[in-house]
>>> print(open('final_39.cif').read())   # mmCIF, C-alpha atoms
data_upload
loop_
_atom_site.label_atom_id
_atom_site.label_comp_id
_atom_site.auth_asym_id
_atom_site.auth_seq_id
_atom_site.Cartn_x
_atom_site.Cartn_y
_atom_site.Cartn_z
CA MET A 51 -32.46 -53.37 83.84
CA GLU A 52 -36.16 -52.67 84.39
CA LYS A 53 -37.39 -49.09 84.06
CA SER A 54 -38.79 -49.26 87.58
CA THR A 55 -35.33 -50.10 88.94
CA ILE A 56 -33.75 -47.23 87.01
CA TYR A 57 -36.27 -44.74 88.39
CA ALA A 58 -35.84 -46.13 91.90
CA LEU A 59 -32.03 -45.98 91.76
CA ILE A 60 -32.11 -42.38 90.52
CA ALA A 61 -34.47 -41.50 93.37
CA VAL A 62 -32.23 -43.24 95.90
CA ALA A 63 -29.18 -41.43 94.52
CA CYS A 64 -30.99 -38.09 94.87
CA TRP A 65 -32.18 -38.79 98.41
CA SER A 66 -28.66 -39.84 99.37
CA THR A 67 -27.43 -36.30 98.76
CA VAL A 68 -29.97 -34.38 100.82
CA ALA A 69 -28.41 -34.76 104.29
CA THR A 70 -25.28 -33.13 102.90
CA ALA A 71 -27.38 -30.48 101.16
CA PHE A 72 -29.20 -29.70 104.43
CA LYS A 73 -25.93 -28.96 106.17
CA LEU A 74 -24.63 -26.87 103.27
CA GLY A 75 -27.87 -24.91 103.11
CA LEU A 76 -27.72 -24.15 106.84
CA GLN A 77 -24.40 -22.39 106.24
CA TYR A 78 -26.25 -19.71 104.24
CA LEU A 79 -29.79 -19.70 105.64
CA THR A 80 -31.55 -20.18 108.95
CA PRO A 81 -33.51 -23.44 109.27
CA LEU A 82 -36.83 -21.65 108.77
CA SER A 83 -35.62 -19.62 105.78
CA LEU A 84 -34.16 -22.75 104.21
CA VAL A 85 -37.55 -24.47 104.53
CA LEU A 86 -39.34 -21.45 103.05
CA TRP A 87 -37.24 -21.12 99.91
CA SER A 88 -37.01 -24.88 99.39
CA LEU A 89 -40.81 -25.03 99.52
CA VAL A 90 -41.13 -22.27 96.95
CA PHE A 91 -39.13 -24.35 94.46
CA ALA A 92 -40.92 -27.59 95.43
CA CYS A 93 -44.40 -26.07 95.08
CA GLY A 94 -43.54 -24.63 91.67
CA PHE A 95 -42.24 -27.97 90.41
CA LEU A 96 -45.05 -30.13 91.83
CA THR A 97 -47.75 -27.77 90.56
CA SER A 98 -46.21 -27.83 87.08
CA VAL A 99 -46.08 -31.64 87.02
CA ALA A 100 -49.65 -31.90 88.32
CA TRP A 101 -50.78 -29.49 85.57
CA LEU A 102 -48.97 -31.51 82.90
CA GLN A 103 -50.69 -34.67 84.17
CA LYS A 104 -54.04 -32.84 84.04
CA LEU A 105 -54.75 -33.37 87.73
CA LEU A 106 -57.67 -31.19 88.82
CA LEU A 107 -56.12 -29.88 92.02
CA LEU A 108 -58.91 -27.45 92.90
CA SER A 109 -61.57 -30.12 92.45
CA ILE A 110 -59.59 -32.60 94.56
CA TYR A 111 -58.98 -29.94 97.23
CA ARG A 112 -62.69 -29.18 97.52
CA GLN A 113 -63.43 -32.81 98.42
CA SER A 114 -61.71 -32.45 101.80
CA PRO A 115 -60.06 -29.05 102.29
CA TRP A 116 -59.58 -29.38 106.03
CA ARG A 117 -57.59 -32.60 105.55
CA TYR A 118 -55.13 -30.96 103.13
CA TRP A 119 -54.64 -28.01 105.47
CA LEU A 120 -54.00 -30.37 108.38
CA MET A 121 -51.60 -32.55 106.40
CA GLY A 122 -49.89 -29.46 104.96
CA ALA A 123 -49.46 -28.01 108.44
CA LEU A 124 -47.75 -31.24 109.51
CA ASN A 125 -45.76 -31.85 106.31
CA PRO A 126 -44.13 -29.62 105.23
CA GLY A 127 -45.31 -26.95 107.72
CA ILE A 128 -43.93 -28.44 110.95
CA TYR A 129 -41.88 -31.42 109.82
CA TYR A 130 -39.19 -29.65 107.82
CA PRO A 131 -38.55 -26.78 110.26
CA VAL A 132 -38.13 -29.29 113.09
CA LEU A 133 -35.93 -31.53 110.93
CA PHE A 134 -33.72 -28.64 109.78
CA LEU A 135 -33.38 -27.42 113.36
CA ALA A 136 -32.18 -30.93 114.28
CA TYR A 137 -29.62 -30.81 111.48
CA ASP A 138 -28.53 -27.38 112.73
CA LYS A 139 -27.82 -28.81 116.19
CA LEU A 140 -26.40 -32.24 115.30
CA PRO A 141 -23.78 -33.68 112.98
CA ALA A 142 -25.44 -34.70 109.70
CA GLN A 143 -24.68 -38.38 110.31
CA GLN A 144 -26.56 -38.37 113.63
CA ALA A 145 -29.58 -36.38 112.44
CA GLN A 146 -29.97 -38.54 109.36
CA SER A 147 -29.65 -41.84 111.20
CA ILE A 148 -32.09 -40.90 113.97
CA ASN A 149 -34.60 -39.71 111.37
CA TYR A 150 -34.71 -43.23 109.90
CA SER A 151 -36.45 -44.40 113.08
CA TRP A 152 -39.68 -42.71 111.94
CA ALA A 153 -41.05 -46.07 110.72
CA LEU A 154 -40.76 -47.41 114.28
CA MET A 155 -42.53 -44.32 115.62
CA LEU A 156 -45.34 -45.00 113.12
CA VAL A 157 -45.91 -48.44 114.67
CA ILE A 158 -46.07 -46.99 118.18
CA MET A 159 -48.43 -44.15 117.23
CA SER A 160 -50.66 -46.46 115.18
CA ALA A 161 -51.05 -48.69 118.21
CA ILE A 162 -51.90 -45.72 120.44
CA PHE A 163 -54.17 -43.66 118.20
CA LEU A 164 -55.57 -46.20 115.72
CA ARG A 165 -55.75 -49.10 118.17
CA GLU A 166 -53.89 -51.29 115.70
CA LYS A 167 -52.81 -54.65 117.02
CA VAL A 168 -49.06 -54.73 117.61
CA SER A 169 -47.34 -58.06 118.21
CA VAL A 170 -44.68 -58.74 120.79
CA LYS A 171 -42.20 -59.04 117.93
CA ASP A 172 -43.14 -55.54 116.77
CA TRP A 173 -42.58 -54.09 120.22
CA LEU A 174 -39.23 -55.85 120.49
CA ALA A 175 -38.23 -54.49 117.08
CA CYS A 176 -39.13 -50.97 118.23
CA ALA A 177 -37.15 -51.41 121.44
CA VAL A 178 -34.11 -52.63 119.48
CA GLY A 179 -34.48 -49.78 117.01
CA TYR A 180 -34.56 -47.14 119.73
CA PHE A 181 -31.56 -48.77 121.35
CA GLY A 182 -29.84 -47.98 118.05
CA VAL A 183 -31.02 -44.36 118.33
CA ILE A 184 -29.57 -44.04 121.84
CA PHE A 185 -26.37 -45.75 120.69
CA ILE A 186 -25.93 -43.12 117.96
CA ALA A 187 -26.94 -40.16 120.11
CA THR A 188 -24.53 -41.08 122.91
CA GLY A 189 -21.65 -42.02 120.62
CA GLY A 190 -21.82 -45.56 121.97
CA ASP A 191 -21.28 -44.46 125.59
CA LEU A 192 -24.41 -46.04 127.03
CA THR A 193 -23.25 -45.91 130.65
CA ALA A 194 -22.74 -42.15 130.82
CA LEU A 195 -25.70 -41.34 128.55
CA HIS A 196 -23.95 -38.15 127.45
CA PHE A 197 -25.58 -36.48 124.43
CA GLU A 198 -23.61 -34.10 122.25
CA SER A 199 -26.78 -32.02 121.83
CA PRO A 200 -29.81 -33.14 123.85
CA ILE A 201 -31.96 -30.52 122.10
CA GLY A 202 -30.81 -31.77 118.70
CA VAL A 203 -31.67 -35.36 119.59
CA MET A 204 -35.09 -34.32 120.87
CA LEU A 205 -35.74 -32.36 117.68
CA ALA A 206 -34.69 -35.32 115.52
CA ILE A 207 -37.04 -37.63 117.42
CA ALA A 208 -39.77 -34.97 117.31
CA SER A 209 -39.47 -34.91 113.51
CA THR A 210 -40.25 -38.64 113.44
CA ILE A 211 -43.38 -38.01 115.56
CA VAL A 212 -44.56 -35.32 113.15
CA TRP A 213 -43.89 -37.52 110.13
CA ALA A 214 -45.67 -40.52 111.65
CA SER A 215 -48.65 -38.28 112.48
CA TYR A 216 -48.73 -37.12 108.89
CA TRP A 217 -48.77 -40.70 107.57
CA ILE A 218 -51.56 -41.73 109.94
CA ILE A 219 -53.76 -38.94 108.58
CA SER A 220 -52.70 -39.48 104.95
CA ARG A 221 -53.85 -43.12 105.09
CA GLN A 222 -57.42 -41.88 104.89
CA THR A 223 -56.76 -39.91 101.69
CA GLN A 224 -57.83 -41.63 98.47
CA SER A 225 -56.73 -38.99 95.94
CA HIS A 226 -53.81 -39.33 93.51
CA PRO A 227 -50.50 -39.37 95.46
CA LEU A 228 -49.03 -36.56 93.36
CA ALA A 229 -52.13 -34.43 93.82
CA THR A 230 -52.07 -35.08 97.57
CA MET A 231 -48.40 -34.13 97.90
CA THR A 232 -48.87 -31.00 95.78
CA LEU A 233 -51.88 -29.82 97.79
CA ASN A 234 -50.08 -30.57 101.06
CA PHE A 235 -47.16 -28.40 100.02
CA ILE A 236 -49.38 -25.59 98.72
CA CYS A 237 -51.30 -25.58 102.03
CA GLY A 238 -48.11 -25.91 104.08
CA LEU A 239 -46.35 -22.98 102.40
CA PRO A 240 -48.52 -20.27 104.09
CA VAL A 241 -47.80 -21.87 107.47
CA VAL A 242 -44.06 -21.48 106.90
CA ILE A 243 -44.46 -17.95 105.49
CA ILE A 244 -46.40 -16.85 108.59
CA ALA A 245 -43.76 -18.42 110.85
CA CYS A 246 -41.00 -16.59 108.96
CA VAL A 247 -42.84 -13.25 109.15
CA LEU A 248 -43.39 -13.63 112.89
CA LEU A 249 -39.99 -15.03 113.83
CA GLU A 250 -37.56 -13.72 111.20
CA THR A 251 -37.04 -11.11 108.54
CA VAL A 252 -38.09 -12.51 105.18
CA GLU A 253 -35.57 -11.54 102.52
CA LEU A 254 -34.24 -12.95 99.28
CA PRO A 255 -31.09 -14.98 100.01
CA ASP A 256 -27.93 -14.68 97.96
CA TRP A 257 -27.33 -16.98 94.99
CA ARG A 258 -25.66 -19.65 97.12
CA GLY A 259 -28.62 -19.90 99.47
CA LEU A 260 -31.07 -19.97 96.57
CA LEU A 261 -29.02 -22.63 94.79
CA VAL A 262 -29.02 -24.97 97.79
CA ALA A 263 -32.68 -24.25 98.56
CA GLY A 264 -33.59 -25.04 94.95
CA TYR A 265 -31.61 -28.26 95.12
CA ILE A 266 -33.33 -29.33 98.36
CA GLY A 267 -36.74 -28.35 97.01
CA LEU A 268 -36.25 -30.62 94.01
CA MET A 269 -34.13 -33.48 95.33
CA GLU A 270 -35.74 -33.87 98.75
CA MET A 271 -39.27 -32.64 98.31
CA ALA A 272 -40.43 -32.74 94.69
CA LEU A 273 -38.56 -34.36 91.80
CA THR A 274 -37.41 -37.37 93.79
CA PHE A 275 -40.94 -38.03 95.00
CA VAL A 276 -42.16 -38.04 91.38
CA LEU A 277 -39.36 -40.46 90.39
CA TRP A 278 -40.09 -42.78 93.31
CA LEU A 279 -43.80 -42.77 92.58
CA LYS A 280 -43.06 -43.64 88.95
CA ALA A 281 -40.84 -46.51 90.06
CA LEU A 282 -43.59 -47.94 92.25
CA GLN A 283 -46.12 -47.58 89.44
CA LEU A 284 -43.91 -49.47 86.96
CA THR A 285 -42.56 -52.19 89.18
CA LYS A 286 -43.80 -55.77 89.13
CA ASN A 287 -42.32 -56.38 92.56
CA THR A 288 -43.00 -53.53 95.01
CA ALA A 289 -41.04 -55.11 97.85
CA ARG A 290 -37.91 -55.59 95.74
CA THR A 291 -38.03 -52.03 94.42
CA SER A 292 -38.77 -50.60 97.87
CA ASN A 293 -35.80 -52.39 99.39
CA LEU A 294 -33.48 -50.22 97.29
CA ILE A 295 -34.19 -47.38 99.70
CA TYR A 296 -31.90 -49.07 102.23
CA LEU A 297 -28.93 -48.12 100.06
CA SER A 298 -29.62 -44.44 100.70
CA PRO A 299 -28.36 -43.92 104.28
CA PHE A 300 -25.03 -45.62 103.59
CA ILE A 301 -24.43 -43.69 100.37
CA SER A 302 -25.39 -40.58 102.32
CA LEU A 303 -22.78 -41.29 104.99
CA LEU A 304 -20.13 -41.54 102.28
CA LEU A 305 -21.15 -38.15 100.89
CA ILE A 306 -21.24 -36.63 104.38
CA TYR A 307 -17.65 -37.75 104.81
CA GLN A 308 -16.44 -36.70 101.36
CA VAL A 309 -18.25 -33.35 101.06
CA LEU A 310 -18.73 -32.13 104.64
CA GLY A 311 -15.58 -33.69 106.01
CA GLU A 312 -17.38 -35.30 108.96
CA ALA A 313 -15.46 -38.24 110.32
CA ILE A 314 -18.02 -41.06 110.26
CA GLN A 315 -18.11 -42.70 113.67
CA GLN A 316 -18.35 -46.47 113.88
CA GLU A 317 -21.09 -45.94 116.46
CA THR A 318 -23.17 -44.20 113.80
CA ILE A 319 -22.80 -47.11 111.39
CA ILE A 320 -23.58 -49.71 114.07
CA GLY A 321 -26.58 -47.74 115.34
CA LEU A 322 -27.90 -47.17 111.82
CA ILE A 323 -27.66 -50.90 111.03
CA ILE A 324 -29.55 -51.68 114.25
CA ILE A 325 -32.31 -49.19 113.33
CA LEU A 326 -32.66 -50.49 109.78
CA MET A 327 -32.71 -54.12 110.93
CA ALA A 328 -35.49 -53.26 113.38
CA VAL A 329 -37.44 -51.50 110.63
CA VAL A 330 -37.09 -54.52 108.30
CA VAL A 331 -38.31 -56.91 110.99
CA GLN A 332 -41.23 -54.63 111.82
CA GLN A 333 -42.24 -54.31 108.16
CA LYS A 334 -42.25 -58.06 107.65
CA GLN A 335 -44.73 -58.23 110.50
CA ASN A 336 -46.92 -55.53 108.96
CA LYS A 337 -46.98 -56.01 105.22
CA SER A 338 -50.18 -54.00 104.90
CA THR A 339 -48.27 -50.79 105.61
CA ASP A 340 -45.11 -51.60 103.67
CA ASN A 341 -46.01 -49.54 100.62
CA GLU A 342 -46.95 -46.53 102.75
CA ILE A 343 -43.68 -46.72 104.65
CA MET A 344 -41.55 -47.16 101.57
CA GLU A 345 -43.28 -44.36 99.65
CA LYS A 346 -41.75 -41.83 102.04
CA SER A 347 -40.71 -38.91 100.00
CA GLU A 348 -38.34 -37.27 102.22
CA ARG A 349 -35.37 -39.08 104.30
#
>>> encode(input="final_39.cif", output="C-alpha cells")
Amino acid sequence: MEKSTIYALIAVACWSTVATAFKLGLQYLTPLSLVLWSLVFACGFLTSVAWLQKLLLLSIYRQSPWRYWLMGALNPGIYYPVLFLAYDKLPAQQAQSINYSWALMLVIMSAIFLREKVSVKDWLACAVGYFGVIFIATGGDLTALHFESPIGVMLAIASTIVWASYWIISRQTQSHPLATMTLNFICGLPVVIIACVLLETVELPDWRGLLVAGYIGLMEMALTFVLWLKALQLTKNTARTSNLIYLSPFISLLLIYQVLGEAIQQETIIGLIIILMAVVVQQKQNKSTDNEIMEKSER
C-alpha cells in the first residue's frame, strides 16, 4: 500500500470520529467554550509543527496580515461556533450530513461573487444536493416540511456558507498550506476569546471537557489536516486519494450509532447519498477546484 494511501486512510479514520466527539464535548462544554479550548490545543500543535518545518510564520504573516485576520475570523472564528451550535440543536447524523453540502454552496457562491461560469449540469447537481439536505432535515416527510429543529438546520446551512466564504478568500493565498492554516487559527483564536469573554464566563473545564476538546483540536482541526496534506503531497493520483474522503461520513454514521446510541434513520443515509452524488457530479464538471474542495480540513 502506498504511503499516501496510508496517510489518507488515517486522516479519514480520524475525521470519521469527530461528529461523535462534537456531541460528547457538548455534554461538558457550551459550543463556544468547546471551540475555545479545542483551538488552544490546535494552535499549540500547528505552531509546533510549523516550527519543526522551519516555516517563517511571522514573515509570511507580514506579506498579507489583513487576509489572515479575515480568514481567521471566518475559520475558525465564526465557522466552528456556528457548526457546534448546529450540533447542539440537531442529532449528530443530521448536522454532519447537512455540513457535507458545503461543496455545493461553494459553487453557488463562486458563481455569485467570483462570476465563475456555472453550467446547467452544475446547477442541477446543486438542486439535487439541496433536495438531499431537505430530505434529511425533514426526516423524509417532504409534504409536511416539518423540521425537528429549524434553527439547527439554519445553523448547519450557515456553517456551509461560512466555510465556502473562507475557501473563496483562501484561493488567493499562495503561502504554504500549513503556514496558512496555522496563521488562520492563531488569528482566529482572539476572535473566539473575545466572544467568550463577552458572552460567557471563561473558566478551565474539568478533565473530561479538556480531554474531548484536546481530541477535537487534534483530530478535527490540526493533526488530521497535517496527515491529509502529507497524503496529497505524496500521492501520484490526487483524485484517487481524494476520493477516500467519501468513506468518512458512512464510517461516522456507524460511530454515531455505536457510541452515541443514535438510531440512524434511513432518510439520513438516503439524503447523504444524494448529497455526495451531487458533489461528485459537480466536481467532475469543475476539476480546477477539486484539490481545493478535497483538501478540506474539517468535516
>>> resolve_selection(input="final_39.cif", expression="the PyMOL selection byres ((chain A and resi 114) around 12)", output="list in words")
Leu107, Leu108, Ser109, Ile110, Tyr111, Arg112, Gln113, Pro115, Trp116, Arg117, Tyr118, Trp119, Leu120, Met121, Ser220, Gln222, Thr223, Gln224, Ser225, Thr230, Leu233 and Asn234 of chain A
>>> closest_residue(input="final_39.cif", among="A:Gly321, A:Pro131, A:Gly179, A:Gly189", to="Ser83 (chain A)", atoms="only C-alpha atoms")
A:Pro131
>>> resolve_selection(input="final_39.cif", expression="the PyMOL selection byres ((chain A and resi 98) around 12)", output="VMD selection string")
chain A and resid 91 to 97 99 to 105 107 228 to 229 232 272 to 273 276
>>> residues_around(input="final_39.cif", residues="Gln316 (chain A)", least_positions_apart="2", cutoff="12 Å", atoms="all atoms listed in the file", output="list in words")
Gln143, Gln144, Phe185, Ile186, Gly189, Gly190, Leu303, Ala313, Ile314, Thr318, Ile319, Ile320, Gly321, Leu322 and Ile323 of chain A
>>> atom_distance(input="final_39.cif", atom1="CA of Leu84 (chain A)", atom2="CA of Glu198 (chain A)")
23.8 Å
>>> atom_distance(input="final_39.cif", atom1="CA of Thr274 (chain A)", atom2="CA of Val62 (chain A)")
8.1 Å
>>> atom_distance(input="final_39.cif", atom1="CA of Ser302 (chain A)", atom2="CA of Pro81 (chain A)")
20.2 Å
>>> residues_near_point(input="final_39.cif", point="(-31.0, -56.2, 103.4)", cutoff="12 Å", atoms="only C-alpha atoms", output="JSON, numbers by chain")
{"A": [289, 290, 292, 293, 294, 295, 296, 297, 323, 324, 326, 327, 328, 329, 330, 331]}
>>> closest_residue(input="final_39.cif", among="A:Ile218, A:Ile60, A:Pro255, A:Tyr137", to="Arg165 (chain A)", atoms="all atoms listed in the file")
A:Ile218
>>> resolve_selection(input="final_39.cif", expression="the PyMOL selection byres ((chain A and resi 245) around 12)", output="list in words")
Pro81, Leu82, Ser83, Val85, Leu86, Ala123, Gly127, Ile128, Pro131, Gly238, Leu239, Pro240, Val241, Val242, Ile243, Ile244, Cys246, Val247, Leu248, Leu249, Glu250, Thr251 and Val252 of chain A
>>> closest_residue(input="final_39.cif", among="A:Gly311, A:Leu279, A:Ala145, A:Ile236", to="Pro126 (chain A)", atoms="all atoms listed in the file")
A:Ile236
>>> closest_residue(input="final_39.cif", among="A:Gly122, A:Gly259, A:Pro141, A:Pro227", to="Leu74 (chain A)", atoms="all atoms listed in the file")
A:Gly259
>>> closest_residue(input="final_39.cif", among="A:Asn125, A:Asp191, A:Thr288, A:Trp213", to="Leu156 (chain A)", atoms="only C-alpha atoms")
A:Trp213
>>> residues_around(input="final_39.cif", residues="Val309 (chain A)", least_positions_apart="2", cutoff="10 Å", atoms="all atoms listed in the file", output="list in words")
Thr67, Thr70, Ala71, Leu74, Leu303, Leu304, Leu305, Ile306, Tyr307, Gly311 and Glu312 of chain A
>>> residues_near_point(input="final_39.cif", point="(-36.8, -48.2, 121.3)", cutoff="10 Å", atoms="all atoms listed in the file", output="list in words")
Ser151, Leu154, Met155, Ile158, Trp173, Leu174, Ala175, Cys176, Ala177, Val178, Gly179, Tyr180, Phe181, Gly182, Val183, Ile184, Ile325 and Ala328 of chain A
